[in-house]
file model-v1.txt (compact mmCIF, C-alpha atoms and all ligand atoms)
# COMPACT_ATOMS: atom_id res chain seq x y z
CA MET A 28 29.72 -52.62 -54.74
CA GLN A 29 30.85 -51.36 -51.33
CA THR A 30 33.20 -53.41 -49.22
CA GLY A 31 34.79 -53.19 -45.78
CA PRO A 32 33.40 -50.71 -43.27
CA PHE A 33 31.05 -49.24 -45.88
CA HIS A 34 29.27 -52.45 -46.81
CA HIS A 35 26.09 -51.02 -45.32
CA LEU A 36 25.94 -48.61 -48.22
CA SER A 37 25.01 -51.46 -50.50
CA THR A 38 21.67 -51.58 -48.70
CA LEU A 39 20.90 -47.94 -49.39
CA ASN A 40 19.36 -48.61 -52.76
CA TYR A 41 21.72 -46.14 -54.36
CA GLN A 42 22.18 -46.34 -58.10
CA PRO A 43 25.51 -44.84 -59.18
CA TRP A 44 25.20 -42.41 -62.02
CA SER A 45 26.09 -43.85 -65.35
CA THR A 46 28.21 -40.77 -66.04
CA VAL A 47 30.85 -41.77 -63.49
CA PRO A 48 33.89 -42.99 -65.40
CA SER A 49 36.37 -45.43 -64.00
CA TRP A 50 39.32 -43.79 -62.38
CA LYS A 51 42.90 -44.93 -62.11
CA PRO A 52 45.59 -43.51 -59.80
CA GLY A 53 47.58 -40.79 -61.46
CA SER A 54 44.99 -40.05 -64.11
CA THR A 55 42.23 -37.49 -64.35
CA TYR A 56 38.96 -37.81 -66.12
CA PHE A 57 38.33 -34.12 -65.93
CA ASP A 58 38.03 -32.69 -69.41
CA LEU A 59 40.70 -30.06 -69.19
CA GLU A 60 40.14 -28.83 -72.71
CA LEU A 61 37.02 -27.29 -71.30
CA LEU A 62 39.10 -24.85 -69.37
CA ALA A 63 40.62 -23.45 -72.52
CA LEU A 64 37.27 -22.49 -74.00
CA GLY A 65 36.90 -18.91 -75.19
CA LEU A 66 38.04 -15.58 -73.87
CA VAL A 67 35.62 -13.62 -71.76
CA MET A 68 37.19 -10.21 -71.56
CA SER A 69 34.04 -8.31 -72.34
CA GLU A 70 31.64 -10.27 -70.14
CA SER A 71 30.58 -9.28 -66.66
CA PHE A 72 31.90 -11.71 -64.13
CA GLU A 73 28.36 -12.73 -63.19
CA SER A 74 27.49 -14.00 -66.65
CA PHE A 75 30.97 -15.48 -66.96
CA VAL A 76 30.42 -17.54 -63.82
CA HIS A 77 26.97 -18.75 -64.84
CA ASP A 78 28.23 -19.73 -68.30
CA ARG A 79 31.19 -21.62 -66.95
CA TYR A 80 29.12 -23.65 -64.51
CA GLU A 81 26.82 -24.71 -67.33
CA LEU A 82 29.85 -26.24 -68.99
CA LEU A 83 31.39 -27.68 -65.83
CA LYS A 84 28.48 -29.00 -63.83
CA ASP A 85 28.36 -32.55 -65.21
CA ARG A 86 32.04 -33.02 -64.56
CA LEU A 87 31.73 -31.53 -61.10
CA GLN A 88 28.95 -34.00 -60.40
CA SER A 89 31.22 -36.84 -61.44
CA VAL A 90 33.79 -35.68 -58.86
CA SER A 91 31.36 -35.84 -55.94
CA SER A 92 29.86 -39.05 -57.27
CA PHE A 93 33.29 -40.67 -57.33
CA LEU A 94 33.98 -39.56 -53.76
CA TRP A 95 30.52 -40.77 -52.66
CA SER A 96 31.17 -44.17 -54.22
CA HIS A 97 34.59 -44.46 -52.59
CA PRO A 98 34.11 -43.12 -49.05
CA GLU A 99 37.31 -42.86 -47.01
CA LEU A 100 37.69 -42.31 -43.28
CA SER A 101 39.36 -39.28 -41.69
CA GLY A 102 43.08 -39.26 -42.42
CA GLU A 103 42.75 -42.08 -44.96
CA GLU A 104 41.38 -40.06 -47.89
CA TYR A 105 44.09 -41.23 -50.30
CA ARG A 106 41.93 -41.58 -53.39
CA ALA A 107 40.19 -38.27 -52.77
CA HIS A 108 43.57 -36.60 -52.30
CA ASP A 109 44.90 -38.07 -55.54
CA LEU A 110 41.78 -37.28 -57.54
CA LEU A 111 41.39 -33.68 -56.40
CA SER A 112 45.13 -33.00 -56.71
CA ALA A 113 45.15 -34.46 -60.23
CA ILE A 114 42.22 -32.31 -61.32
CA LEU A 115 43.86 -29.14 -60.04
CA GLU A 116 47.25 -30.07 -61.52
CA GLY A 117 45.56 -30.74 -64.84
CA ALA A 118 43.91 -27.32 -64.67
CA GLY A 119 47.30 -25.66 -64.24
CA PHE A 120 47.38 -25.02 -60.52
CA ASP A 121 50.69 -25.24 -58.69
CA VAL A 122 49.84 -28.24 -56.49
CA THR A 123 51.60 -29.49 -53.38
CA ARG A 124 50.51 -33.02 -52.55
CA GLN A 125 50.83 -34.32 -48.96
CA TYR A 126 50.88 -30.68 -47.90
CA LEU A 127 52.82 -29.95 -44.68
CA GLY A 128 53.50 -33.65 -44.27
CA PHE A 129 49.85 -34.66 -43.89
CA PRO A 130 49.46 -37.69 -46.19
CA THR A 131 46.01 -36.70 -47.46
CA ALA A 132 46.22 -32.88 -47.39
CA PHE A 133 46.98 -30.85 -50.49
CA ARG A 134 47.41 -27.24 -51.52
CA ALA A 135 46.85 -25.71 -54.95
CA ASP A 136 47.80 -22.13 -55.88
CA HIS A 137 47.28 -19.92 -58.88
CA GLU A 138 48.29 -16.27 -58.91
CA SER A 139 47.67 -13.88 -61.80
CA THR A 140 49.75 -10.95 -60.62
CA THR A 141 50.77 -10.14 -57.07
CA GLY A 142 49.14 -7.53 -54.89
CA GLY A 143 45.51 -8.60 -55.29
CA PRO A 144 43.17 -10.39 -52.90
CA ARG A 145 44.41 -13.83 -51.86
CA ILE A 146 41.35 -16.02 -51.71
CA CYS A 147 41.28 -19.49 -50.17
CA ILE A 148 38.65 -22.15 -50.85
CA VAL A 149 38.65 -25.13 -48.49
CA CYS A 150 37.72 -28.66 -49.53
CA GLU A 151 36.83 -31.43 -47.09
CA TYR A 152 36.42 -34.99 -48.34
CA ASP A 153 36.36 -37.43 -45.42
CA ALA A 154 33.50 -39.82 -44.70
CA LEU A 155 32.16 -41.56 -41.59
CA PRO A 156 32.43 -45.18 -40.40
CA ASP A 157 29.54 -47.40 -41.52
CA VAL A 158 27.48 -44.61 -43.09
CA GLY A 159 29.92 -43.24 -45.71
CA HIS A 160 29.30 -39.69 -46.89
CA ALA A 161 26.60 -38.99 -44.32
CA CYS A 162 27.92 -35.45 -43.87
CA GLY A 163 28.06 -34.70 -47.60
CA HIS A 164 31.75 -33.84 -47.72
CA ASN A 165 31.77 -35.18 -51.28
CA LEU A 166 29.59 -32.15 -52.10
CA ILE A 167 31.92 -29.79 -50.22
CA ALA A 168 34.78 -30.99 -52.43
CA GLU A 169 32.67 -30.63 -55.58
CA ALA A 170 31.65 -27.08 -54.67
CA GLY A 171 35.21 -26.09 -53.76
CA ILE A 172 36.81 -27.50 -56.88
CA GLY A 173 34.17 -25.88 -59.08
CA ALA A 174 34.66 -22.44 -57.56
CA ALA A 175 38.45 -22.72 -57.76
CA LEU A 176 38.42 -23.69 -61.44
CA VAL A 177 36.09 -20.86 -62.39
CA ILE A 178 38.01 -18.24 -60.37
CA LYS A 179 41.29 -19.34 -61.94
CA GLU A 180 39.87 -19.21 -65.44
CA TYR A 181 38.54 -15.72 -64.79
CA LEU A 182 41.93 -14.54 -63.53
CA GLU A 183 43.61 -15.97 -66.61
CA ASN A 184 41.28 -14.06 -68.88
CA ASN A 185 41.10 -10.78 -67.03
CA PRO A 186 43.98 -8.51 -66.09
CA LYS A 187 43.23 -8.36 -62.38
CA PRO A 188 45.72 -9.01 -59.57
CA GLY A 189 44.57 -11.89 -57.43
CA LYS A 190 45.36 -15.32 -56.12
CA ILE A 191 43.24 -18.41 -55.66
CA THR A 192 44.35 -21.13 -53.26
CA VAL A 193 42.62 -24.44 -52.61
CA LEU A 194 43.42 -26.11 -49.31
CA GLY A 195 42.51 -29.78 -49.18
CA CYS A 196 41.83 -30.28 -45.48
CA PRO A 197 41.42 -33.92 -44.42
CA ALA A 198 40.01 -35.45 -41.26
CA GLU A 199 37.32 -32.96 -40.26
CA GLU A 200 35.12 -35.65 -38.76
CA LYS A 201 37.84 -37.18 -36.63
CA GLY A 202 41.15 -35.48 -36.05
CA SER A 203 40.35 -31.79 -36.65
CA TYR A 204 43.32 -31.47 -38.97
CA LYS A 205 42.63 -27.81 -39.73
CA VAL A 206 43.77 -27.01 -36.20
CA LEU A 207 47.04 -28.85 -36.88
CA MET A 208 47.32 -27.11 -40.25
CA ILE A 209 46.86 -23.72 -38.57
CA GLU A 210 49.72 -24.57 -36.22
CA LYS A 211 51.92 -25.36 -39.24
CA GLY A 212 51.10 -22.06 -40.91
CA ALA A 213 48.78 -23.31 -43.67
CA PHE A 214 46.55 -20.23 -43.53
CA LYS A 215 49.33 -17.63 -43.32
CA GLY A 216 49.53 -15.20 -46.25
CA LEU A 217 45.87 -15.64 -47.18
CA ASP A 218 43.23 -12.91 -46.97
CA LEU A 219 40.03 -14.89 -46.51
CA VAL A 220 38.59 -18.40 -46.43
CA MET A 221 35.34 -19.83 -47.80
CA GLN A 222 33.83 -23.27 -47.54
CA VAL A 223 30.22 -24.40 -47.96
CA HIS A 224 28.54 -27.32 -46.18
CA PRO A 225 25.35 -29.27 -46.96
CA HIS A 226 22.61 -29.72 -44.38
CA SER A 227 18.89 -30.21 -44.53
CA SER A 228 16.21 -28.11 -42.93
CA SER A 229 12.53 -28.89 -42.61
CA ASP A 230 11.40 -25.84 -44.55
CA GLY A 231 14.12 -25.91 -47.20
CA LYS A 232 15.47 -22.58 -45.99
CA PHE A 233 18.84 -22.30 -44.52
CA PHE A 234 19.94 -20.66 -41.32
CA PHE A 235 22.70 -18.21 -41.55
CA VAL A 236 23.56 -15.71 -38.88
CA LYS A 237 26.17 -13.31 -40.06
CA LEU A 238 27.60 -11.87 -36.94
CA ARG A 239 27.30 -14.58 -34.36
CA ALA A 240 28.51 -18.12 -34.12
CA SER A 241 26.72 -20.59 -36.34
CA LEU A 242 29.08 -23.39 -35.40
CA ILE A 243 29.74 -23.78 -31.72
CA GLY A 244 33.05 -24.42 -29.99
CA LYS A 245 34.03 -27.81 -28.65
CA ILE A 246 36.37 -29.13 -25.94
CA GLY A 247 36.72 -32.84 -25.36
CA PHE A 248 38.35 -34.55 -22.41
CA LEU A 249 38.94 -38.06 -21.20
CA ALA A 250 38.66 -38.61 -17.42
CA GLU A 251 40.54 -41.71 -16.27
CA PHE A 252 40.01 -43.02 -12.75
CA THR A 253 42.35 -45.46 -11.02
CA GLY A 254 41.17 -47.18 -7.85
CA LYS A 255 42.01 -50.39 -6.07
CA PRO A 256 40.81 -53.85 -7.10
CA ALA A 257 39.29 -56.26 -4.60
CA HIS A 258 37.15 -59.39 -4.55
CA ALA A 259 33.67 -58.04 -5.29
CA ALA A 260 31.96 -60.57 -3.00
CA GLY A 261 34.64 -61.58 -0.50
CA ALA A 262 36.12 -58.19 0.40
CA PRO A 263 34.40 -55.31 -1.48
CA TRP A 264 35.23 -52.98 1.42
CA GLU A 265 38.88 -53.30 0.43
CA GLY A 266 38.25 -51.84 -3.04
CA HIS A 267 38.20 -48.32 -4.45
CA ASN A 268 35.72 -48.50 -7.28
CA ALA A 269 36.77 -46.66 -10.46
CA LEU A 270 33.46 -47.46 -12.17
CA ASP A 271 31.61 -45.73 -9.34
CA ALA A 272 33.66 -42.63 -10.11
CA VAL A 273 32.65 -42.78 -13.77
CA VAL A 274 28.96 -43.29 -12.92
CA ALA A 275 29.06 -40.42 -10.42
CA THR A 276 30.65 -38.21 -13.07
CA TYR A 277 28.00 -39.14 -15.64
CA GLN A 278 25.18 -38.42 -13.20
CA ALA A 279 26.69 -35.10 -12.16
CA LEU A 280 27.01 -34.09 -15.82
CA SER A 281 23.34 -34.94 -16.32
CA MET A 282 22.41 -32.57 -13.50
CA LEU A 283 24.75 -29.89 -14.82
CA ARG A 284 22.76 -29.88 -18.10
CA GLN A 285 19.80 -28.38 -16.23
CA GLN A 286 21.75 -25.20 -15.60
CA MET A 287 23.12 -24.80 -19.12
CA HIS A 288 21.98 -22.41 -21.82
CA PRO A 289 20.01 -24.29 -24.52
CA THR A 290 22.67 -23.57 -27.14
CA CYS A 291 25.27 -25.52 -25.10
CA ARG A 292 25.75 -29.27 -25.15
CA ILE A 293 27.39 -32.01 -23.05
CA HIS A 294 27.63 -35.62 -24.18
CA ALA A 295 29.62 -38.54 -22.86
CA ILE A 296 30.39 -42.22 -23.33
CA ILE A 297 32.07 -44.78 -21.08
CA PRO A 298 34.92 -46.35 -23.09
CA HIS A 299 36.09 -48.45 -20.14
CA GLY A 300 33.95 -49.62 -17.24
CA GLY A 301 35.90 -52.52 -15.76
CA THR A 302 36.84 -55.96 -16.94
CA SER A 303 35.13 -58.45 -14.66
CA ALA A 304 31.96 -58.16 -12.60
CA ASN A 305 33.47 -60.10 -9.72
CA VAL A 306 36.38 -57.68 -9.34
CA ILE A 307 35.95 -54.14 -8.01
CA PRO A 308 37.04 -52.13 -11.11
CA GLU A 309 40.51 -50.73 -10.68
CA PHE A 310 40.35 -48.63 -13.86
CA ALA A 311 37.48 -46.88 -15.66
CA SER A 312 37.16 -43.91 -17.96
CA ILE A 313 34.58 -41.50 -19.35
CA GLU A 314 34.94 -39.44 -22.52
CA VAL A 315 33.18 -36.09 -22.37
CA ILE A 316 32.48 -33.46 -25.06
CA VAL A 317 31.43 -29.94 -24.09
CA ARG A 318 30.10 -27.48 -26.70
CA ALA A 319 29.16 -23.82 -26.41
CA PRO A 320 28.70 -20.89 -28.79
CA THR A 321 31.11 -18.54 -27.03
CA LEU A 322 34.57 -18.99 -25.57
CA PRO A 323 33.58 -17.82 -22.06
CA HIS A 324 30.69 -20.30 -22.01
CA LEU A 325 32.92 -23.05 -23.33
CA LYS A 326 35.59 -22.49 -20.70
CA THR A 327 33.11 -22.16 -17.84
CA ILE A 328 31.15 -25.30 -18.68
CA THR A 329 34.31 -27.31 -19.28
CA GLU A 330 35.59 -26.27 -15.86
CA LYS A 331 32.28 -27.33 -14.29
CA ALA A 332 32.34 -30.65 -16.17
CA GLU A 333 35.89 -31.35 -15.02
CA ASN A 334 34.80 -30.52 -11.48
CA CYS A 335 32.13 -33.25 -11.76
CA ALA A 336 34.98 -35.72 -12.36
CA ARG A 337 37.09 -34.25 -9.54
CA ALA A 338 34.21 -34.57 -7.08
CA ALA A 339 33.63 -38.15 -8.21
CA ALA A 340 37.28 -39.00 -7.62
CA ILE A 341 37.10 -37.65 -4.07
CA SER A 342 33.87 -39.49 -3.27
CA SER A 343 35.13 -42.81 -4.65
CA ASN A 344 38.65 -42.52 -3.27
CA THR A 345 40.18 -42.92 -6.72
CA VAL A 346 42.91 -41.04 -8.54
CA LEU A 347 41.81 -38.89 -11.49
CA LYS A 348 43.77 -38.07 -14.63
CA ILE A 349 42.22 -35.66 -17.18
CA LEU A 350 43.52 -35.96 -20.74
CA LYS A 351 42.77 -33.86 -23.84
CA PRO A 352 43.33 -36.33 -26.69
CA SER A 353 41.93 -34.16 -29.50
CA PRO A 354 42.29 -30.45 -30.29
CA SER A 355 39.71 -28.01 -28.96
CA LEU A 356 37.58 -26.29 -31.59
CA LEU A 357 36.69 -22.63 -31.42
CA PRO A 358 33.21 -21.37 -32.33
CA LEU A 359 32.87 -20.05 -35.88
CA LYS A 360 33.07 -16.27 -36.23
CA SER A 361 31.39 -15.69 -39.58
CA ASN A 362 32.86 -12.57 -41.13
CA GLY A 363 29.98 -10.18 -41.72
CA VAL A 364 31.41 -8.47 -44.81
CA LEU A 365 32.22 -11.78 -46.48
CA ALA A 366 28.93 -13.34 -45.36
CA GLY A 367 26.96 -10.39 -46.72
CA LEU A 368 28.49 -10.79 -50.18
CA TYR A 369 27.86 -14.52 -50.25
CA GLN A 370 24.31 -14.10 -49.00
CA ARG A 371 23.52 -11.58 -51.72
CA TYR A 372 24.62 -13.90 -54.50
CA ALA A 373 22.99 -16.96 -52.94
CA GLU A 374 19.69 -15.11 -52.53
CA ASP A 375 19.87 -13.93 -56.13
CA MET A 376 19.85 -17.60 -57.10
CA GLY A 377 16.83 -18.39 -54.92
CA THR A 378 18.43 -19.57 -51.68
CA GLU A 379 16.41 -18.51 -48.64
CA PHE A 380 18.01 -17.80 -45.30
CA VAL A 381 16.33 -17.46 -41.94
CA ASP A 382 17.65 -15.56 -38.97
CA ILE A 383 18.01 -17.96 -36.07
CA THR A 384 19.34 -15.48 -33.54
CA GLY A 385 18.22 -16.52 -30.09
CA ARG A 386 16.80 -19.88 -31.08
CA GLY A 387 17.91 -22.61 -28.72
CA THR A 388 16.70 -25.64 -30.62
CA ARG A 389 18.56 -25.33 -33.88
CA PHE A 390 21.04 -27.90 -35.14
CA GLU A 391 24.21 -27.35 -33.08
CA ALA A 392 27.50 -28.75 -34.28
CA SER A 393 31.19 -27.93 -34.27
CA SER A 394 33.90 -27.96 -36.90
CA ASP A 395 37.60 -27.21 -37.15
CA ILE A 396 36.71 -24.41 -39.62
CA GLY A 397 35.65 -22.55 -36.45
CA SER A 398 39.29 -22.36 -35.35
CA VAL A 399 40.27 -21.08 -38.81
CA SER A 400 37.83 -18.17 -38.39
CA TRP A 401 39.93 -16.79 -35.52
CA GLU A 402 42.94 -16.58 -37.87
CA LEU A 403 41.45 -14.78 -40.88
CA PRO A 404 38.05 -13.73 -42.29
CA THR A 405 36.04 -16.93 -42.79
CA ILE A 406 32.59 -18.12 -43.72
CA GLN A 407 31.07 -21.57 -43.94
CA PRO A 408 27.55 -21.05 -45.28
CA GLY A 409 25.23 -24.01 -45.19
CA PHE A 410 23.10 -25.09 -48.10
CA HIS A 411 19.99 -27.22 -48.02
CA ILE A 412 19.73 -30.60 -49.72
CA ASP A 413 16.60 -32.75 -49.60
CA SER A 414 17.11 -35.45 -46.97
CA GLU A 415 14.81 -37.51 -44.80
CA GLY A 416 17.33 -37.30 -41.96
CA PRO A 417 19.97 -34.97 -40.48
CA ASN A 418 23.72 -35.04 -41.12
CA HIS A 419 25.36 -38.31 -40.05
CA SER A 420 22.21 -40.35 -40.71
CA ARG A 421 21.91 -43.02 -43.40
CA GLU A 422 19.22 -40.90 -45.02
CA PHE A 423 21.71 -38.06 -45.42
CA THR A 424 24.16 -40.47 -47.06
CA VAL A 425 21.54 -41.24 -49.68
CA ALA A 426 20.76 -37.54 -50.09
CA SER A 427 24.40 -36.53 -50.61
CA GLY A 428 24.67 -39.01 -53.47
CA CYS A 429 21.38 -38.08 -55.13
CA GLU A 430 20.88 -36.11 -58.31
CA SER A 431 18.67 -33.71 -56.34
CA ALA A 432 21.69 -32.55 -54.31
CA GLN A 433 23.33 -31.17 -57.44
CA PRO A 434 21.43 -27.91 -58.07
CA PRO A 435 21.92 -26.62 -54.50
CA THR A 436 25.58 -27.71 -54.51
CA ILE A 437 26.20 -25.86 -57.77
CA ARG A 438 24.38 -22.78 -56.44
CA ALA A 439 26.54 -22.77 -53.31
CA SER A 440 29.69 -23.21 -55.39
CA LYS A 441 28.63 -20.41 -57.74
CA ALA A 442 27.94 -18.09 -54.82
CA MET A 443 31.51 -18.68 -53.61
CA ALA A 444 32.93 -17.98 -57.08
CA LEU A 445 30.81 -14.82 -57.46
CA THR A 446 31.83 -13.62 -54.00
CA ALA A 447 35.49 -14.19 -54.84
CA LEU A 448 35.29 -12.35 -58.16
CA ASN A 449 33.45 -9.45 -56.55
CA ILE A 450 36.33 -9.15 -54.08
CA ILE A 451 38.94 -9.42 -56.85
CA ASN A 452 37.17 -6.55 -58.59
CA ASN A 453 36.84 -4.58 -55.31
CA PRO A 454 40.06 -5.23 -53.33
CA PRO A 455 39.27 -2.69 -50.53
CA LEU A 456 36.65 -5.20 -49.33
CA VAL A 457 39.53 -7.23 -47.91
CA ASP A 458 40.46 -4.31 -45.63
CA SER A 459 36.85 -4.10 -44.43
CA MET A 460 36.90 -7.79 -43.54
CA TRP A 461 40.12 -7.43 -41.57
CA GLN A 462 38.84 -4.35 -39.76
CA GLU A 463 35.92 -6.46 -38.61
CA MET A 464 38.35 -9.21 -37.51
CA LYS A 465 40.16 -6.75 -35.27
CA LYS A 466 37.02 -5.55 -33.45
ZN ZN A 501 29.92 -34.26 -39.98
ZN ZN A 502 30.55 -32.12 -42.14
call {"tool": "encode", "arguments": {"input": "model-v1.txt", "output": "structure tokens", "more": "lines below"}}
Ligand SMILES: [Zn+2]
Ligand SMILES: [Zn+2]
result
Amino acid sequence: MQTGPFHHLSTLNYQPWSTVPSWKPGSTYFDLELLALGLVMSESFESFVHDRYELLKDRLQSVSSFLWSHPELSGEEYRAHDLLSAILEGAGFDVTRQYLGFPTAFRADHESTTGGPRICIVCEYDALPDVGHACGHNLIAEAGIGAALVIKEYLENNPKPGKITVLGCPAEEKGSYKVLMIEKGAFKGLDLVMQVHPHSSSDGKFFFVKLRASLIGKIGFLAEFTGKPAHAAGAPWEGHNALDAVVATYQALSMLRQQMHPTCRIHAIIPHGGTSANVIPEFASIEVIVRAPTLPHLKTITEKAENCARAAAISSNTVLKILKPSPSLLPLKSNGVLAGLYQRYAEDMGTEFVDITGRGTRFEASSDIGSVSWELPTIQPGFHIDSEGPNHSREFTVASGCESAQPPTIRASKAMALTALNIINNPPLVDSMWQEMKK
């Protein structure tokens, strides 16, 4: 039974899987004996990976099911943090809980011998207010944990230099903690980053453009206007109306949209519009988000949007203050070498990708993984799950908890593991990825 902000989930007609065991803090229900099964020295890594997932998939499902049933908001993912940390500790990773001082971030490392590729898998696990796991981050965590366990087991059974790191990155939906983690050096000393993300597409295929942004950049700002209050009936001519400034800004932004490229976005809300209708509003504010696929576009449109607020301040005789309360997000630069490897393995398992270059009507969104991609080679491939609605809808919440989401999640996880093991067996690929980064 859901309580608190997620009580709506009880209306979603979701039946928890009977396989989900109860969980207590500090314990793990992951069957760690599984990880000690058999040596695989003579197997190819492809068959090794497929065999291991056959053994792991039910337990991986129980991880995402637990997260789905206990959704936690950005920055409050305490149970997810404890569960995922406990699983990785139990599997023999060197785990740092509350990594870098973030209460719900963690880091897990395993290195066979030094000098090999240093591969990072990112897990997200936050949910959304009212709608729970409507972005499927429970599946991101499942896929990430699965890939990390399989890569580690391979390294333990094969004499290859390499390192696998799991970064538990909280607060993607609200807070963009990866940007803060970059500033604290979380991604230093790593060679590449992979994370997968569920979406749904009408034809079941998934878009994936290797060499251009598939997540667009984002800059948010809050424009606060301060005017002068006055009696709205007795002496309105004495007032300087801050709400007028907000309305003028909103209207100017609406006109600005006409001159934007279709891959760019502007959206806004009015958090404060005055306190009493019979007083000329002294204070009002508008929160604006600008998104664009390239940095030049992002900067240009943000400048134009801020100018809408500046013009409104002049016309309403109010004083404007522009604040940037949340970090800006850079567009995702998918690394072509890394993307090509992932795509090959995903296609081998039946995933279909479509080239969306030049389309202006595709699903546009932003993520803090975009900022990571400017630090080191990064991909965040999407994978399709059957859903009646897009991410952040109640329908997607249902879909991310459904049995039918499991095969595509496992395929995406496998493709990450196969990509990683290919790189561990072909270390010069890392140099190719970094050469691309420097272009
Ligand atoms: Zn989301
Ligand atoms: Zn998401």
call {"tool": "closest_residue", "arguments": {"input": "model-v1.txt", "among": "A:Thr302, A:Thr140, A:Ser343, A:Ser203", "to": "A:Thr276", "atoms": "only C-alpha atoms"}}
result
A:Ser343
call {"tool": "closest_residue", "arguments": {"input": "model-v1.txt", "among": "A:Leu347, A:Gly142, A:Val149, A:Ala339", "to": "A:Pro455", "atoms": "only C-alpha atoms"}}
result
A:Gly142
call {"tool": "closest_residue", "arguments": {"input": "model-v1.txt", "among": "A:Ile328, A:Leu110, A:Ile396, A:Leu403", "to": "ligand ZN 501 (chain A)", "atoms": "all atoms listed in the file"}}
result
A:Ile396
call {"tool": "closest_residue", "arguments": {"input": "model-v1.txt", "among": "A:Ala213, A:Ala262, A:Ala198, A:Ile313", "to": "ligand ZN 501 (chain A)", "atoms": "only C-alpha atoms and all ligand atoms"}}
result
A:Ala198
call {"tool": "residues_near_ligand", "arguments": {"input": "model-v1.txt", "ligand": "ligand ZN 502 (chain A)", "cutoff": "7 Å", "atoms": "all atoms listed in the file", "output": "list in words"}}
result
Cys162, Gly163, His164, Glu200 and His224 of chain A
call {"tool": "write_last_selection", "arguments": {"input": "model-v1.txt", "atoms": "C-alpha atoms", "output": "short mmCIF file (atom, residue, chain, number, x, y, z; two decimals), in the frame of the given file"}}
result
data_model
loop_
_atom_site.label_atom_id
_atom_site.label_comp_id
_atom_site.auth_asym_id
_atom_site.auth_seq_id
_atom_site.Cartn_x
_atom_site.Cartn_y
_atom_site.Cartn_z
CA CYS A 162 27.92 -35.45 -43.87
CA GLY A 163 28.06 -34.70 -47.60
CA HIS A 164 31.75 -33.84 -47.72
CA GLU A 200 35.12 -35.65 -38.76
CA HIS A 224 28.54 -27.32 -46.18
#
call {"tool": "residues_around", "arguments": {"input": "model-v1.txt", "residues": "A:Val364", "least_positions_apart": "6", "cutoff": "8 Å", "atoms": "all atoms listed in the file", "output": "ChimeraX atom specification"}}
result
/A:456,459-460,463
call {"tool": "residues_around", "arguments": {"input": "model-v1.txt", "residues": "A:Leu115", "least_positions_apart": "4", "cutoff": "9 Å", "atoms": "all atoms listed in the file", "output": "PyMOL selection string"}}
result
chain A and resi 110-111+119-122+135+172+175-176+193
call {"tool": "residues_near_ligand", "arguments": {"input": "model-v1.txt", "ligand": "ligand ZN 501 (chain A)", "cutoff": "12 Å", "atoms": "all atoms listed in the file", "output": "PDB file with C-alpha atoms, in the frame of the given file"}}
result
ATOM      1  CA  LEU A 100      37.690 -42.310 -43.280  1.00  0.00           C
ATOM      2  CA  SER A 101      39.360 -39.280 -41.690  1.00  0.00           C
ATOM      3  CA  GLU A 151      36.830 -31.430 -47.090  1.00  0.00           C
ATOM      4  CA  TYR A 152      36.420 -34.990 -48.340  1.00  0.00           C
ATOM      5  CA  ASP A 153      36.360 -37.430 -45.420  1.00  0.00           C
ATOM      6  CA  ALA A 154      33.500 -39.820 -44.700  1.00  0.00           C
ATOM      7  CA  LEU A 155      32.160 -41.560 -41.590  1.00  0.00           C
ATOM      8  CA  PRO A 156      32.430 -45.180 -40.400  1.00  0.00           C
ATOM      9  CA  VAL A 158      27.480 -44.610 -43.090  1.00  0.00           C
ATOM     10  CA  GLY A 159      29.920 -43.240 -45.710  1.00  0.00           C
ATOM     11  CA  HIS A 160      29.300 -39.690 -46.890  1.00  0.00           C
ATOM     12  CA  ALA A 161      26.600 -38.990 -44.320  1.00  0.00           C
ATOM     13  CA  CYS A 162      27.920 -35.450 -43.870  1.00  0.00           C
ATOM     14  CA  GLY A 163      28.060 -34.700 -47.600  1.00  0.00           C
ATOM     15  CA  HIS A 164      31.750 -33.840 -47.720  1.00  0.00           C
ATOM     16  CA  ASN A 165      31.770 -35.180 -51.280  1.00  0.00           C
ATOM     17  CA  ILE A 167      31.920 -29.790 -50.220  1.00  0.00           C
ATOM     18  CA  ALA A 198      40.010 -35.450 -41.260  1.00  0.00           C
ATOM     19  CA  GLU A 199      37.320 -32.960 -40.260  1.00  0.00           C
ATOM     20  CA  GLU A 200      35.120 -35.650 -38.760  1.00  0.00           C
ATOM     21  CA  LYS A 201      37.840 -37.180 -36.630  1.00  0.00           C
ATOM     22  CA  GLY A 202      41.150 -35.480 -36.050  1.00  0.00           C
ATOM     23  CA  SER A 203      40.350 -31.790 -36.650  1.00  0.00           C
ATOM     24  CA  HIS A 224      28.540 -27.320 -46.180  1.00  0.00           C
ATOM     25  CA  PRO A 225      25.350 -29.270 -46.960  1.00  0.00           C
ATOM     26  CA  HIS A 226      22.610 -29.720 -44.380  1.00  0.00           C
ATOM     27  CA  LEU A 242      29.080 -23.390 -35.400  1.00  0.00           C
ATOM     28  CA  PHE A 390      21.040 -27.900 -35.140  1.00  0.00           C
ATOM     29  CA  GLU A 391      24.210 -27.350 -33.080  1.00  0.00           C
ATOM     30  CA  ALA A 392      27.500 -28.750 -34.280  1.00  0.00           C
ATOM     31  CA  SER A 393      31.190 -27.930 -34.270  1.00  0.00           C
ATOM     32  CA  SER A 394      33.900 -27.960 -36.900  1.00  0.00           C
ATOM     33  CA  ASP A 395      37.600 -27.210 -37.150  1.00  0.00           C
ATOM     34  CA  ILE A 396      36.710 -24.410 -39.620  1.00  0.00           C
ATOM     35  CA  PRO A 417      19.970 -34.970 -40.480  1.00  0.00           C
ATOM     36  CA  ASN A 418      23.720 -35.040 -41.120  1.00  0.00           C
ATOM     37  CA  HIS A 419      25.360 -38.310 -40.050  1.00  0.00           C
ATOM     38  CA  SER A 420      22.210 -40.350 -40.710  1.00  0.00           C
ATOM     39  CA  PHE A 423      21.710 -38.060 -45.420  1.00  0.00           C
ATOM     40  CA  THR A 424      24.160 -40.470 -47.060  1.00  0.00           C
TER      41      THR A 424
END
